[in-house]
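Q: So here's run.cif (mmCIF, C-alpha atoms (C1' of nucleotides)).
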```
data_entry
#
loop_
_atom_site.label_atom_id
_atom_site.label_comp_id
_atom_site.auth_asym_id
_atom_site.auth_seq_id
_atom_site.Cartn_x
_atom_site.Cartn_y
_atom_site.Cartn_z
CA MET A 1332 27.28 20.93 5.54
CA TYR A 1333 28.69 19.09 8.52
CA ALA A 1334 29.81 19.81 12.07
CA ASN A 1335 31.61 23.02 12.80
CA ALA A 1336 33.82 21.70 15.57
CA PRO A 1337 37.01 19.82 14.68
CA THR A 1338 35.83 16.30 14.00
CA PRO A 1339 37.88 13.14 14.37
CA VAL A 1340 38.38 11.41 11.04
CA CYS A 1341 38.87 7.69 11.08
CA ASN A 1342 41.49 7.71 8.33
CA GLU A 1343 43.96 8.99 10.88
CA ALA A 1344 45.80 6.73 13.29
CA PRO A 1345 43.83 5.74 16.42
CA GLU A 1346 46.07 7.79 18.73
CA GLU A 1347 45.33 10.81 16.56
CA TYR A 1348 41.57 10.67 16.40
CA MET A 1349 41.11 9.53 19.97
CA LYS A 1350 43.03 12.58 21.09
CA ILE A 1351 40.82 14.76 18.94
CA PHE A 1352 37.77 12.98 20.31
CA GLU A 1353 38.81 13.80 23.84
CA ASP A 1354 39.34 17.42 22.90
CA VAL A 1355 35.89 17.66 21.35
CA CYS A 1356 34.36 16.08 24.46
CA ARG A 1357 36.06 18.60 26.72
CA GLN A 1358 34.93 21.38 24.44
CA LYS A 1359 31.33 20.15 24.56
CA LYS A 1360 31.49 19.45 28.29
CA LEU A 1361 31.02 15.74 27.85
CA ARG A 1362 32.74 13.70 30.49
CA ILE A 1363 35.50 11.48 29.25
CA THR A 1364 34.63 8.05 30.63
CA PRO A 1365 36.26 4.73 29.83
CA GLN A 1366 32.98 3.53 28.30
CA ARG A 1367 32.76 6.48 25.93
CA LEU A 1368 36.35 6.09 24.87
CA GLU A 1369 35.95 2.38 24.17
CA ILE A 1370 32.64 2.74 22.35
CA TYR A 1371 33.85 5.56 20.16
CA SER A 1372 37.14 3.85 19.48
CA GLU A 1373 35.45 0.61 18.51
CA LEU A 1374 32.98 2.37 16.24
CA ALA A 1375 35.72 4.42 14.60
CA ARG A 1376 37.71 1.28 13.91
CA ALA A 1377 34.71 -0.60 12.50
CA THR A 1378 33.96 -0.46 8.79
CA ASP A 1379 30.74 -2.48 8.87
CA HIS A 1380 28.37 0.04 10.43
CA PRO A 1381 27.61 -2.10 13.47
CA THR A 1382 24.42 -2.23 15.53
CA ALA A 1383 24.44 -1.29 19.22
CA GLU A 1384 24.34 -4.98 20.05
CA MET A 1385 27.37 -5.71 17.87
CA LEU A 1386 29.37 -2.96 19.56
CA TYR A 1387 28.31 -4.31 22.94
CA GLN A 1388 29.47 -7.81 22.10
CA ARG A 1389 32.76 -6.65 20.63
CA LEU A 1390 33.55 -4.70 23.77
CA SER A 1391 32.31 -7.18 26.34
CA ALA A 1392 35.56 -9.13 26.46
CA LYS A 1393 37.64 -6.02 27.03
CA MET A 1394 35.09 -4.39 29.32
CA PRO A 1395 32.94 -7.04 31.02
CA THR A 1396 30.93 -4.62 33.14
CA LEU A 1397 29.74 -2.60 30.14
CA SER A 1398 25.97 -2.75 29.67
CA LEU A 1399 23.95 -2.58 26.48
CA ASP A 1400 21.95 0.39 27.68
CA THR A 1401 25.16 2.34 28.18
CA VAL A 1402 26.02 1.62 24.56
CA TYR A 1403 22.62 2.99 23.51
CA ARG A 1404 22.88 5.98 25.80
CA THR A 1405 26.40 6.77 24.66
CA LEU A 1406 25.50 6.49 20.98
CA GLY A 1407 22.53 8.78 21.60
CA THR A 1408 24.72 11.33 23.32
CA LEU A 1409 27.35 11.24 20.60
CA ILE A 1410 24.70 11.51 17.90
CA SER A 1411 23.20 14.59 19.50
CA HIS A 1412 26.66 16.12 19.45
CA ASP A 1413 27.19 15.14 15.82
CA LEU A 1414 30.06 12.79 16.57
CA VAL A 1415 28.18 9.70 15.44
CA HIS A 1416 25.61 9.02 12.73
CA LYS A 1417 22.64 6.74 12.67
CA VAL A 1418 22.53 5.26 9.16
CA GLU A 1419 19.36 5.55 7.10
CA SER A 1420 17.76 2.26 6.20
CA THR A 1421 14.51 0.35 6.21
CA GLN A 1422 15.73 -2.25 8.70
CA ASN A 1423 14.41 -2.51 12.22
CA GLN A 1424 17.77 -2.53 13.94
CA ALA A 1425 19.67 0.75 13.92
CA ARG A 1426 23.20 0.90 12.53
CA PHE A 1427 25.88 3.42 13.37
CA GLU A 1428 29.12 4.97 12.17
CA VAL A 1429 31.45 7.72 13.29
CA GLN A 1430 30.92 10.88 11.36
CA HIS A 1431 33.89 11.13 9.08
CA LEU A 1432 34.18 12.40 5.53
CA HIS A 1433 30.86 12.69 3.79
CA HIS A 1434 29.82 9.61 1.90
CA HIS A 1435 26.85 7.45 0.94
CA HIS A 1436 25.88 3.83 1.46
CA VAL A 1437 25.26 0.70 -0.55
CA ILE A 1438 23.20 -1.93 1.25
CA CYS A 1439 22.88 -5.55 0.25
CA ARG A 1440 19.25 -6.60 0.49
CA ASN A 1441 20.31 -10.17 1.13
CA CYS A 1442 23.04 -10.06 3.79
CA ASN A 1443 22.45 -6.49 4.98
CA ALA A 1444 26.09 -5.54 4.57
CA ILE A 1445 26.55 -1.78 4.39
CA THR A 1446 29.38 -0.42 2.25
CA ASP A 1447 30.55 3.17 1.92
CA LEU A 1448 30.26 5.03 -1.37
CA THR A 1449 31.60 8.42 -2.35
CA TRP A 1450 29.71 10.32 -4.99
CA ASN A 1451 31.09 13.75 -5.69
CA LEU A 1452 28.55 14.61 -8.36
CA VAL A 1453 25.79 14.45 -5.77
CA ASP A 1454 27.74 16.18 -3.04
CA HIS A 1455 28.55 19.12 -5.26
CA THR A 1456 24.99 19.83 -6.31
CA ASN A 1457 23.56 23.01 -4.91
CA LEU A 1458 20.60 21.35 -3.23
CA GLN A 1459 19.92 24.26 -0.94
CA GLY A 1460 19.25 26.38 -4.01
CA GLU A 1461 16.67 23.91 -5.28
CA LEU A 1462 15.05 23.56 -1.90
CA HIS A 1463 15.10 27.10 -0.57
CA ALA A 1464 11.30 27.11 -0.53
CA TRP A 1465 11.19 23.94 1.52
CA GLY A 1466 13.53 25.12 4.27
CA LYS A 1467 17.13 24.69 5.36
CA VAL A 1468 19.01 21.69 4.03
CA GLU A 1469 21.49 20.09 6.40
CA ARG A 1470 22.53 16.78 4.95
CA ALA A 1471 21.91 14.71 1.84
CA HIS A 1472 22.49 11.03 1.97
CA MET A 1473 22.16 8.43 -0.76
CA VAL A 1474 21.09 4.87 -0.03
CA VAL A 1475 21.66 2.37 -2.81
CA TYR A 1476 20.05 -1.05 -2.56
CA GLY A 1477 21.07 -4.12 -4.45
CA THR A 1478 22.65 -7.52 -4.12
CA CYS A 1479 26.36 -7.76 -3.43
CA ALA A 1480 28.67 -9.92 -5.52
CA GLN A 1481 29.10 -12.58 -2.83
CA CYS A 1482 25.35 -13.02 -2.43
CA ARG A 1483 24.84 -13.14 -6.19
CA ALA A 1484 27.45 -15.86 -6.53
CA GLN A 1485 25.51 -18.18 -4.27
CA MET B 111 15.20 -0.14 -12.20
CA TYR B 112 11.72 -0.74 -10.88
CA ALA B 113 8.88 -3.24 -11.13
CA ASN B 114 8.24 -4.94 -14.42
CA ALA B 115 4.50 -5.40 -14.01
CA PRO B 116 2.15 -2.49 -14.79
CA THR B 117 2.17 -0.42 -11.66
CA PRO B 118 -0.57 1.86 -10.43
CA VAL B 119 0.54 5.49 -10.38
CA CYS B 120 -1.11 7.79 -7.91
CA ASN B 121 -1.31 10.72 -10.33
CA GLU B 122 -4.19 8.97 -12.01
CA ALA B 123 -7.75 9.15 -10.77
CA PRO B 124 -8.61 6.72 -7.95
CA GLU B 125 -10.91 4.64 -10.15
CA GLU B 126 -8.04 4.24 -12.56
CA TYR B 127 -5.32 3.12 -10.23
CA MET B 128 -7.60 0.98 -8.10
CA LYS B 129 -8.58 -0.92 -11.21
CA ILE B 130 -4.93 -1.37 -12.10
CA PHE B 131 -4.21 -2.44 -8.54
CA GLU B 132 -6.84 -5.15 -8.77
CA ASP B 133 -5.40 -6.34 -12.06
CA VAL B 134 -1.92 -6.55 -10.59
CA CYS B 135 -3.28 -8.48 -7.60
CA ARG B 136 -4.99 -11.00 -9.87
CA GLN B 137 -1.83 -11.30 -11.89
CA LYS B 138 0.23 -11.96 -8.77
CA LYS B 139 -2.41 -14.26 -7.27
CA LEU B 140 -3.07 -11.96 -4.34
CA ARG B 141 -6.64 -12.16 -3.10
CA ILE B 142 -8.59 -8.98 -3.46
CA THR B 143 -9.99 -8.35 0.01
CA PRO B 144 -11.83 -5.26 1.26
CA GLN B 145 -8.97 -4.61 3.68
CA ARG B 146 -6.35 -4.64 0.95
CA LEU B 147 -8.39 -2.36 -1.24
CA GLU B 148 -8.94 0.15 1.54
CA ILE B 149 -5.36 0.11 2.76
CA TYR B 150 -3.90 0.51 -0.71
CA SER B 151 -6.41 3.17 -1.62
CA GLU B 152 -5.73 5.17 1.53
CA LEU B 153 -1.98 4.92 1.07
CA ALA B 154 -2.22 5.93 -2.59
CA ARG B 155 -4.29 8.96 -1.65
CA ALA B 156 -1.93 10.01 1.16
CA THR B 157 0.93 12.39 0.44
CA ASP B 158 2.48 12.35 3.89
CA HIS B 159 4.08 8.90 3.93
CA PRO B 160 2.02 7.63 6.84
CA THR B 161 2.97 5.05 9.47
CA ALA B 162 1.00 1.81 9.81
CA GLU B 163 -0.68 3.28 12.85
CA MET B 164 -1.76 6.38 10.93
CA LEU B 165 -3.28 4.28 8.16
CA TYR B 166 -5.06 2.19 10.76
CA GLN B 167 -6.58 5.23 12.43
CA ARG B 168 -7.60 6.82 9.16
CA LEU B 169 -9.43 3.66 8.13
CA SER B 170 -10.95 2.76 11.47
CA ALA B 171 -14.02 4.94 11.00
CA LYS B 172 -14.79 3.46 7.59
CA MET B 173 -13.82 -0.07 8.58
CA PRO B 174 -14.24 -0.58 12.32
CA THR B 175 -13.27 -4.25 12.34
CA LEU B 176 -9.90 -3.61 10.71
CA SER B 177 -6.99 -4.52 12.95
CA LEU B 178 -3.54 -3.00 13.15
CA ASP B 179 -1.83 -6.29 12.49
CA THR B 180 -3.73 -6.64 9.24
CA VAL B 181 -2.37 -3.26 8.23
CA TYR B 182 1.15 -4.46 8.97
CA ARG B 183 0.59 -7.79 7.25
CA THR B 184 -0.94 -6.14 4.21
CA LEU B 185 1.86 -3.60 3.90
CA GLY B 186 4.36 -6.43 4.17
CA THR B 187 2.64 -8.38 1.44
CA LEU B 188 2.41 -5.39 -0.86
CA ILE B 189 6.04 -4.50 -0.23
CA SER B 190 7.17 -7.99 -1.15
CA HIS B 191 5.26 -7.60 -4.40
CA ASP B 192 6.77 -4.17 -5.04
CA LEU B 193 3.48 -2.36 -4.81
CA VAL B 194 4.43 -0.41 -1.70
CA HIS B 195 7.70 1.05 -0.41
CA LYS B 196 9.07 1.35 3.07
CA VAL B 197 10.78 4.74 3.23
CA GLU B 198 14.39 4.93 4.39
CA SER B 199 14.92 6.94 7.54
CA THR B 200 16.57 6.90 10.94
CA GLN B 201 13.29 6.97 12.83
CA ASN B 202 12.00 4.03 14.82
CA GLN B 203 8.54 3.99 13.29
CA ALA B 204 8.35 2.82 9.68
CA ARG B 205 6.76 5.01 7.02
CA PHE B 206 5.21 3.90 3.76
CA GLU B 207 4.18 5.06 0.30
CA VAL B 208 2.79 3.47 -2.83
CA GLN B 209 5.43 2.87 -5.40
CA HIS B 210 4.83 5.47 -8.04
CA LEU B 211 7.26 7.43 -10.18
CA HIS B 212 10.78 7.32 -8.84
CA HIS B 213 11.61 10.12 -6.48
CA HIS B 214 13.56 11.02 -3.36
CA HIS B 215 12.68 12.39 0.06
CA VAL B 216 13.27 15.45 2.18
CA ILE B 217 12.73 14.91 5.90
CA CYS B 218 12.30 17.64 8.49
CA ARG B 219 14.39 16.78 11.55
CA ASN B 220 12.00 18.74 13.72
CA CYS B 221 8.47 17.67 12.74
CA ASN B 222 9.40 14.53 10.79
CA ALA B 223 7.38 15.58 7.76
CA ILE B 224 8.46 13.71 4.64
CA THR B 225 8.24 15.50 1.30
CA ASP B 226 8.87 14.08 -2.17
CA LEU B 227 11.75 15.32 -4.28
CA THR B 228 12.64 14.57 -7.88
CA TRP B 229 16.28 14.70 -8.78
CA ASN B 230 17.00 13.81 -12.36
CA LEU B 231 20.75 14.22 -12.06
CA VAL B 232 20.85 11.36 -9.59
CA ASP B 233 18.40 9.16 -11.47
CA HIS B 234 20.29 9.50 -14.73
CA THR B 235 23.68 8.57 -13.39
CA ASN B 236 24.92 5.17 -14.43
CA LEU B 237 25.39 3.87 -10.92
CA GLN B 238 25.52 0.26 -12.00
CA GLY B 239 28.60 1.09 -14.03
CA GLU B 240 30.35 2.56 -11.01
CA LEU B 241 29.34 -0.32 -8.79
CA HIS B 242 29.73 -3.32 -11.05
CA ALA B 243 32.42 -4.67 -8.73
CA TRP B 244 30.13 -4.42 -5.74
CA GLY B 245 27.20 -6.32 -7.24
CA LYS B 246 23.84 -5.65 -8.81
CA VAL B 247 22.24 -2.26 -8.14
CA GLU B 248 18.48 -2.22 -7.77
CA ARG B 249 17.47 1.11 -6.39
CA ALA B 250 19.08 4.40 -5.39
CA HIS B 251 17.31 6.65 -2.99
CA MET B 252 18.32 10.03 -1.68
CA VAL B 253 17.37 11.18 1.80
CA VAL B 254 17.81 14.87 2.50
CA TYR B 255 17.61 16.10 6.08
CA GLY B 256 16.97 19.62 7.18
CA THR B 257 14.47 21.91 8.83
CA CYS B 258 11.31 22.85 6.96
CA ALA B 259 10.18 26.45 6.53
CA GLN B 260 7.32 26.14 9.03
CA CYS B 261 9.59 24.78 11.75
CA ARG B 262 12.21 27.44 11.08
CA ALA B 263 9.60 30.18 11.39
CA GLN B 264 8.78 29.17 14.95
"C1'" DA C 686 -13.66 -27.25 -1.36
"C1'" DT C 687 -9.53 -25.28 -0.58
"C1'" DA C 688 -6.12 -22.25 0.46
"C1'" DA C 689 -5.32 -17.80 1.95
"C1'" DA C 690 -6.40 -13.65 4.71
"C1'" DT C 691 -8.34 -11.72 8.93
"C1'" DG C 692 -8.87 -10.62 13.91
"C1'" DC C 693 -7.68 -11.52 18.40
"C1'" DA C 694 -4.35 -11.77 21.83
"C1'" DA C 695 -0.07 -12.74 23.24
"C1'" DA C 696 4.81 -12.68 22.37
"C1'" DC C 697 8.94 -10.54 20.59
"C1'" DG C 698 12.90 -7.64 20.26
"C1'" DG C 699 15.08 -3.36 19.90
"C1'" DT C 700 15.32 0.69 22.56
"C1'" DT C 701 14.36 3.71 26.52
"C1'" DT C 702 13.95 5.01 31.35
"C1'" DG C 703 13.82 5.42 36.69
"C1'" DC C 704 16.75 4.90 40.22
"C1'" DG C 705 20.57 4.13 43.42
"C1'" DG C 706 25.43 4.07 43.39
"C1'" DC C 707 29.81 5.53 41.41
"C1'" DA C 708 33.16 8.18 38.99
"C1'" DA C 709 34.77 12.46 36.54
"C1'" DC C 710 35.56 17.01 37.26
"C1'" DG D 848 31.51 18.18 46.86
"C1'" DT D 849 28.76 18.38 42.91
"C1'" DT D 850 27.05 16.77 38.79
"C1'" DG D 851 26.71 13.69 35.32
"C1'" DC D 852 27.29 8.84 33.95
"C1'" DC D 853 26.80 3.86 34.65
"C1'" DG D 854 24.61 -0.59 35.54
"C1'" DC D 855 20.60 -2.96 36.83
"C1'" DA D 856 16.03 -4.06 36.00
"C1'" DA D 857 11.80 -3.04 34.38
"C1'" DA D 858 8.97 -0.71 31.16
"C1'" DC D 859 7.92 0.70 26.52
"C1'" DC D 860 6.33 0.45 21.96
"C1'" DG D 861 6.48 -0.79 17.21
"C1'" DT D 862 6.07 -5.01 14.97
"C1'" DT D 863 5.41 -10.00 14.43
"C1'" DT D 864 3.23 -14.46 15.17
"C1'" DG D 865 0.14 -18.66 16.51
"C1'" DC D 866 -4.31 -19.92 16.21
"C1'" DA D 867 -9.18 -20.32 15.24
"C1'" DT D 868 -12.46 -18.29 12.09
"C1'" DT D 869 -13.92 -16.20 7.99
"C1'" DT D 870 -13.55 -15.21 3.17
"C1'" DA D 871 -12.05 -15.19 -1.77
"C1'" DT D 872 -11.52 -18.09 -5.44
#
```
How does the structure come out when it is put into structure tokens?

A:
Amino acid sequence: MYANAPTPVCNEAPEEYMKIFEDVCRQKKLRITPQRLEIYSELARATDHPTAEMLYQRLSAKMPTLSLDTVYRTLGTLISHDLVHKVESTQNQARFEVQHLHHHHVICRNCNAITDLTWNLVDHTNLQGELHAWGKVERAHMVVYGTCAQCRAQ
Amino acid sequence: MYANAPTPVCNEAPEEYMKIFEDVCRQKKLRITPQRLEIYSELARATDHPTAEMLYQRLSAKMPTLSLDTVYRTLGTLISHDLVHKVESTQNQARFEVQHLHHHHVICRNCNAITDLTWNLVDHTNLQGELHAWGKVERAHMVVYGTCAQCRAQ
DNA sequence: ATAAATGCAAACGGTTTGCGGCAAC
DNA sequence: GTTGCCGCAAACCGTTTGCATTTAT
């Protein structure tokens, strides 16, 4: 259901998945630039599904010459090579994550926090069978909306 | 899991659900304006999850003085009263639907067509039970991505 | 009569793009 | 050396907003 090429998985140690990332880039003829390495590394480390702006700000200290449009361009490139995902939502600002093991998302309507959710029951359904008339299914992603415990407590 | 007030359902005849719509508006103290009636009616009739722009163009002939910002404002108002849904996606342009029976969506990556999908297995899972630690679950929506039959044929 | 909704036009903000220079290969 | 990537700045485009006017109640 996912990429065919070996894909970095963010459970592994940084040295591990950054090495794999470089291999995949070479394989796909993407140049290995300091910007790409930093952006991917930062996104892989993040667990909060940051926006392009958030990535930009987190990297600015370490890489002062980095520009926001490079972040956008890099994310776009990595998305088109299935190394990064844009997360489904109804918000205006896009949010991103590295493509690691398949999972779903829970979004707090109040603070917009995005949390990962695994749901095997859904992932193991033979959707393609149900939808063969529609076309070819590539990916099924669940978005759960609600109010997180912290926001409810307030 | 959904609205508590009687909700128009687009399976019914237009006269039916427009009458219900007016009742709900009165109940929620929303003024019944020609613009709101036309916008809701057009959206209820549509099966393609139109953008604000699409609604605006479809109504322009019938209602030449209608403005695009009124479409946006009206959709916003109806969304905040749970009469309309913004559909989850990774696209930049928002897409809308009237809130009728709960269902999910299949999106063609190529032509961006959005098709409805019912998936009882998902709807009948006790998600709240799984996520009680996270907070209060309000809505679970599946987004399936793929390539539709027409686009594959090309 | 009053408060809310509309239409206009201008602003806003996230994202994209053209271009010259620079860096990876 | 060649090609692709980066940074700058400006454009783009979907969406939002302030304001005066109109309209629903």

Q: Over all C-alpha pairs taken in sequence order, what does chain A look like after a least-squares fit onto chain B? Please give it as a compact mmCIF listing (two decimals) with C-alpha atoms, keeping the file's coordinate frame.

A:
```
# COMPACT_ATOMS: atom_id res chain seq x y z
CA MET A 1332 15.10 0.04 -12.24
CA TYR A 1333 11.63 -0.58 -10.89
CA ALA A 1334 8.90 -3.21 -11.09
CA ASN A 1335 8.29 -4.95 -14.36
CA ALA A 1336 4.57 -5.44 -13.94
CA PRO A 1337 2.20 -2.56 -14.75
CA THR A 1338 2.24 -0.45 -11.62
CA PRO A 1339 -0.53 1.83 -10.42
CA VAL A 1340 0.56 5.45 -10.40
CA CYS A 1341 -1.10 7.75 -7.93
CA ASN A 1342 -1.25 10.69 -10.33
CA GLU A 1343 -4.12 8.96 -12.05
CA ALA A 1344 -7.69 9.15 -10.82
CA PRO A 1345 -8.57 6.72 -7.99
CA GLU A 1346 -10.87 4.64 -10.22
CA GLU A 1347 -7.96 4.23 -12.62
CA TYR A 1348 -5.25 3.08 -10.27
CA MET A 1349 -7.52 0.95 -8.13
CA LYS A 1350 -8.51 -0.94 -11.23
CA ILE A 1351 -4.87 -1.41 -12.11
CA PHE A 1352 -4.17 -2.48 -8.55
CA GLU A 1353 -6.79 -5.17 -8.78
CA ASP A 1354 -5.34 -6.38 -12.05
CA VAL A 1355 -1.86 -6.61 -10.57
CA CYS A 1356 -3.24 -8.53 -7.58
CA ARG A 1357 -4.96 -11.04 -9.83
CA GLN A 1358 -1.79 -11.37 -11.85
CA LYS A 1359 0.26 -12.04 -8.71
CA LYS A 1360 -2.40 -14.32 -7.23
CA LEU A 1361 -3.08 -12.02 -4.32
CA ARG A 1362 -6.63 -12.17 -3.11
CA ILE A 1363 -8.59 -8.99 -3.51
CA THR A 1364 -10.01 -8.34 -0.05
CA PRO A 1365 -11.82 -5.25 1.19
CA GLN A 1366 -8.97 -4.61 3.64
CA ARG A 1367 -6.33 -4.65 0.92
CA LEU A 1368 -8.36 -2.36 -1.28
CA GLU A 1369 -8.93 0.15 1.51
CA ILE A 1370 -5.34 0.10 2.74
CA TYR A 1371 -3.87 0.51 -0.71
CA SER A 1372 -6.37 3.17 -1.64
CA GLU A 1373 -5.70 5.15 1.51
CA LEU A 1374 -1.95 4.92 1.06
CA ALA A 1375 -2.17 5.92 -2.59
CA ARG A 1376 -4.24 8.95 -1.68
CA ALA A 1377 -1.90 10.00 1.14
CA THR A 1378 0.97 12.38 0.44
CA ASP A 1379 2.50 12.34 3.92
CA HIS A 1380 4.09 8.89 3.94
CA PRO A 1381 2.01 7.62 6.86
CA THR A 1382 2.96 5.04 9.48
CA ALA A 1383 1.00 1.80 9.83
CA GLU A 1384 -0.72 3.28 12.85
CA MET A 1385 -1.78 6.38 10.93
CA LEU A 1386 -3.28 4.27 8.15
CA TYR A 1387 -5.08 2.19 10.76
CA GLN A 1388 -6.59 5.24 12.40
CA ARG A 1389 -7.62 6.82 9.12
CA LEU A 1390 -9.43 3.67 8.09
CA SER A 1391 -11.00 2.77 11.41
CA ALA A 1392 -14.05 4.97 10.91
CA LYS A 1393 -14.79 3.50 7.50
CA MET A 1394 -13.83 -0.03 8.50
CA PRO A 1395 -14.28 -0.52 12.26
CA THR A 1396 -13.32 -4.19 12.30
CA LEU A 1397 -9.93 -3.58 10.67
CA SER A 1398 -7.03 -4.49 12.95
CA LEU A 1399 -3.57 -2.97 13.15
CA ASP A 1400 -1.87 -6.28 12.51
CA THR A 1401 -3.77 -6.62 9.25
CA VAL A 1402 -2.40 -3.24 8.23
CA TYR A 1403 1.13 -4.47 8.99
CA ARG A 1404 0.57 -7.79 7.27
CA THR A 1405 -0.95 -6.15 4.22
CA LEU A 1406 1.86 -3.61 3.93
CA GLY A 1407 4.37 -6.44 4.22
CA THR A 1408 2.64 -8.40 1.49
CA LEU A 1409 2.43 -5.41 -0.82
CA ILE A 1410 6.06 -4.53 -0.18
CA SER A 1411 7.20 -8.01 -1.08
CA HIS A 1412 5.31 -7.62 -4.34
CA ASP A 1413 6.83 -4.20 -4.97
CA LEU A 1414 3.53 -2.37 -4.77
CA VAL A 1415 4.48 -0.43 -1.66
CA HIS A 1416 7.73 1.03 -0.36
CA LYS A 1417 9.08 1.33 3.12
CA VAL A 1418 10.81 4.73 3.28
CA GLU A 1419 14.42 4.94 4.41
CA SER A 1420 14.97 6.93 7.57
CA THR A 1421 16.60 6.86 10.96
CA GLN A 1422 13.31 6.97 12.85
CA ASN A 1423 11.98 4.06 14.85
CA GLN A 1424 8.54 4.01 13.31
CA ALA A 1425 8.34 2.81 9.72
CA ARG A 1426 6.75 5.01 7.06
CA PHE A 1427 5.21 3.89 3.80
CA GLU A 1428 4.19 5.03 0.34
CA VAL A 1429 2.81 3.46 -2.80
CA GLN A 1430 5.46 2.86 -5.36
CA HIS A 1431 4.85 5.45 -8.01
CA LEU A 1432 7.27 7.43 -10.14
CA HIS A 1433 10.79 7.36 -8.82
CA HIS A 1434 11.63 10.15 -6.45
CA HIS A 1435 13.57 11.04 -3.31
CA HIS A 1436 12.69 12.40 0.10
CA VAL A 1437 13.28 15.47 2.23
CA ILE A 1438 12.72 14.93 5.94
CA CYS A 1439 12.31 17.63 8.53
CA ARG A 1440 14.36 16.77 11.59
CA ASN A 1441 11.98 18.74 13.76
CA CYS A 1442 8.45 17.69 12.77
CA ASN A 1443 9.37 14.55 10.83
CA ALA A 1444 7.38 15.60 7.79
CA ILE A 1445 8.46 13.73 4.68
CA THR A 1446 8.25 15.53 1.34
CA ASP A 1447 8.87 14.11 -2.12
CA LEU A 1448 11.74 15.35 -4.26
CA THR A 1449 12.57 14.60 -7.86
CA TRP A 1450 16.19 14.77 -8.87
CA ASN A 1451 16.84 13.79 -12.45
CA LEU A 1452 20.58 14.35 -12.29
CA VAL A 1453 20.88 11.56 -9.76
CA ASP A 1454 18.42 9.25 -11.45
CA HIS A 1455 20.23 9.47 -14.75
CA THR A 1456 23.64 8.57 -13.40
CA ASN A 1457 24.89 5.19 -14.48
CA LEU A 1458 25.38 3.86 -10.97
CA GLN A 1459 25.46 0.25 -12.06
CA GLY A 1460 28.55 1.05 -14.09
CA GLU A 1461 30.31 2.49 -11.05
CA LEU A 1462 29.25 -0.37 -8.85
CA HIS A 1463 29.62 -3.38 -11.12
CA ALA A 1464 32.29 -4.77 -8.80
CA TRP A 1465 30.01 -4.48 -5.80
CA GLY A 1466 27.07 -6.35 -7.32
CA LYS A 1467 23.70 -5.62 -8.88
CA VAL A 1468 22.15 -2.24 -8.19
CA GLU A 1469 18.38 -2.17 -7.84
CA ARG A 1470 17.39 1.17 -6.44
CA ALA A 1471 19.03 4.43 -5.42
CA HIS A 1472 17.26 6.67 -3.01
CA MET A 1473 18.28 10.05 -1.66
CA VAL A 1474 17.35 11.19 1.83
CA VAL A 1475 17.80 14.88 2.54
CA TYR A 1476 17.60 16.09 6.12
CA GLY A 1477 16.98 19.62 7.24
CA THR A 1478 14.48 21.90 8.88
CA CYS A 1479 11.34 22.86 6.99
CA ALA A 1480 10.25 26.46 6.59
CA GLN A 1481 7.37 26.17 9.06
CA CYS A 1482 9.62 24.79 11.79
CA ARG A 1483 12.26 27.44 11.11
CA ALA A 1484 9.68 30.19 11.44
CA GLN A 1485 8.85 29.18 14.98
```

Q: Report the residues retrieved by the PyMOL selection byres ((chain B) within 10 of (chain A)) from the displayed file, expressed as an MDAnalysis selection string.

A: chainID B and resid 195:205 214:219 225 227 229 231:232 235 237:238 240:263

Q: Kindly determine which residues of chain D lie within 10 Å of chain B, considering only C-alpha atoms (C1' of nucleotides), and give the answer as a PyMOL selection string.

A: chain D and resi 860-864+870-872

Q: Which polymer residues have any atom within 9 Å of an atom of DT702 of chain C, counting all atoms listed in the file, with same-chain residues fewer than 5 positions away left out, as a list in words?

A: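 Selected residues are DA857, DA858 and DC859 of chain D.
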
Q: Taking all atoms listed in the file into account, produce a table as a tab-separated table in which each residue of chain C with an atom at most 10 Å from an atom of chain A appears once, together with its shortest atom pair and the distance in Å to one decimal, ordered by chain and rising number.

A:
```
residue	atom	partner	partner_atom	distance
C:DG698	C1'	A:Gln1424	CA	9.5
C:DG699	C1'	A:Gln1424	CA	6.6
C:DT700	C1'	A:Tyr1403	CA	7.7
C:DT701	C1'	A:Asp1400	CA	8.4
C:DT702	C1'	A:Asp1400	CA	9.9
C:DA708	C1'	A:Thr1364	CA	8.5
C:DA709	C1'	A:Arg1362	CA	6.5
C:DC710	C1'	A:Arg1362	CA	8.0
```

Q: Using only C-alpha atoms (C1' of nucleotides), which of A:Met1394, A:Leu1374, A:Thr1405, A:Arg1357 sits nearest DC852 of chain D?

A: A:Thr1405

Q: Atom CA of Ser1372 of chain A and atom CA of Glu1347 of chain A, how far apart in Å?

A: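 Distance reported for this atom pair: 11.1 Å.
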
Q: Env of Leu1409 of chain A: 9 Å cut, atoms = all atoms listed in the file, seq-sep filter 6 positions within chain, self excluded. Answer as a list in words.

A: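 Close residues of Leu1409 of chain A: Arg1367, Tyr1371, Val1415 and His1416 of chain A.
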
Q: Once the PyMOL selection byres ((chain C and resi 706) around 10) has been evaluated on this model, what residues remain selected, and can you format them as a PyMOL selection string?

A: (chain C and resi 704-705+707-708) or (chain D and resi 853-854)

Q: Quick one, how far is atom CA of Ala1375 of chain A from atom C1' of DG851 of chain D?

A: 24.4 Å

Q: Atom CA of Met128 of chain B and atom CA of Val181 of chain B are how many Å apart?

A: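 Going from atom CA of Met128 of chain B over to atom CA of Val181 of chain B, I get 17.7 Å.
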
Q: Counting all atoms listed in the file, which of A:Ile1351, A:Val1429, A:Ile1370, A:Cys1356 gets nearest to Ile1410 of chain A?

A: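 Comparing A:Ile1351, A:Val1429, A:Ile1370, A:Cys1356 against Ile1410 of chain A, the winner is A:Val1429.
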
Q: Evaluating the PyMOL selection byres ((chain C and resi 690-692) around 8) on the displayed file yields which residues, as a ChimeraX atom specification?

A: /B:141,143,175-177,180 /C:689,693 /D:869-870
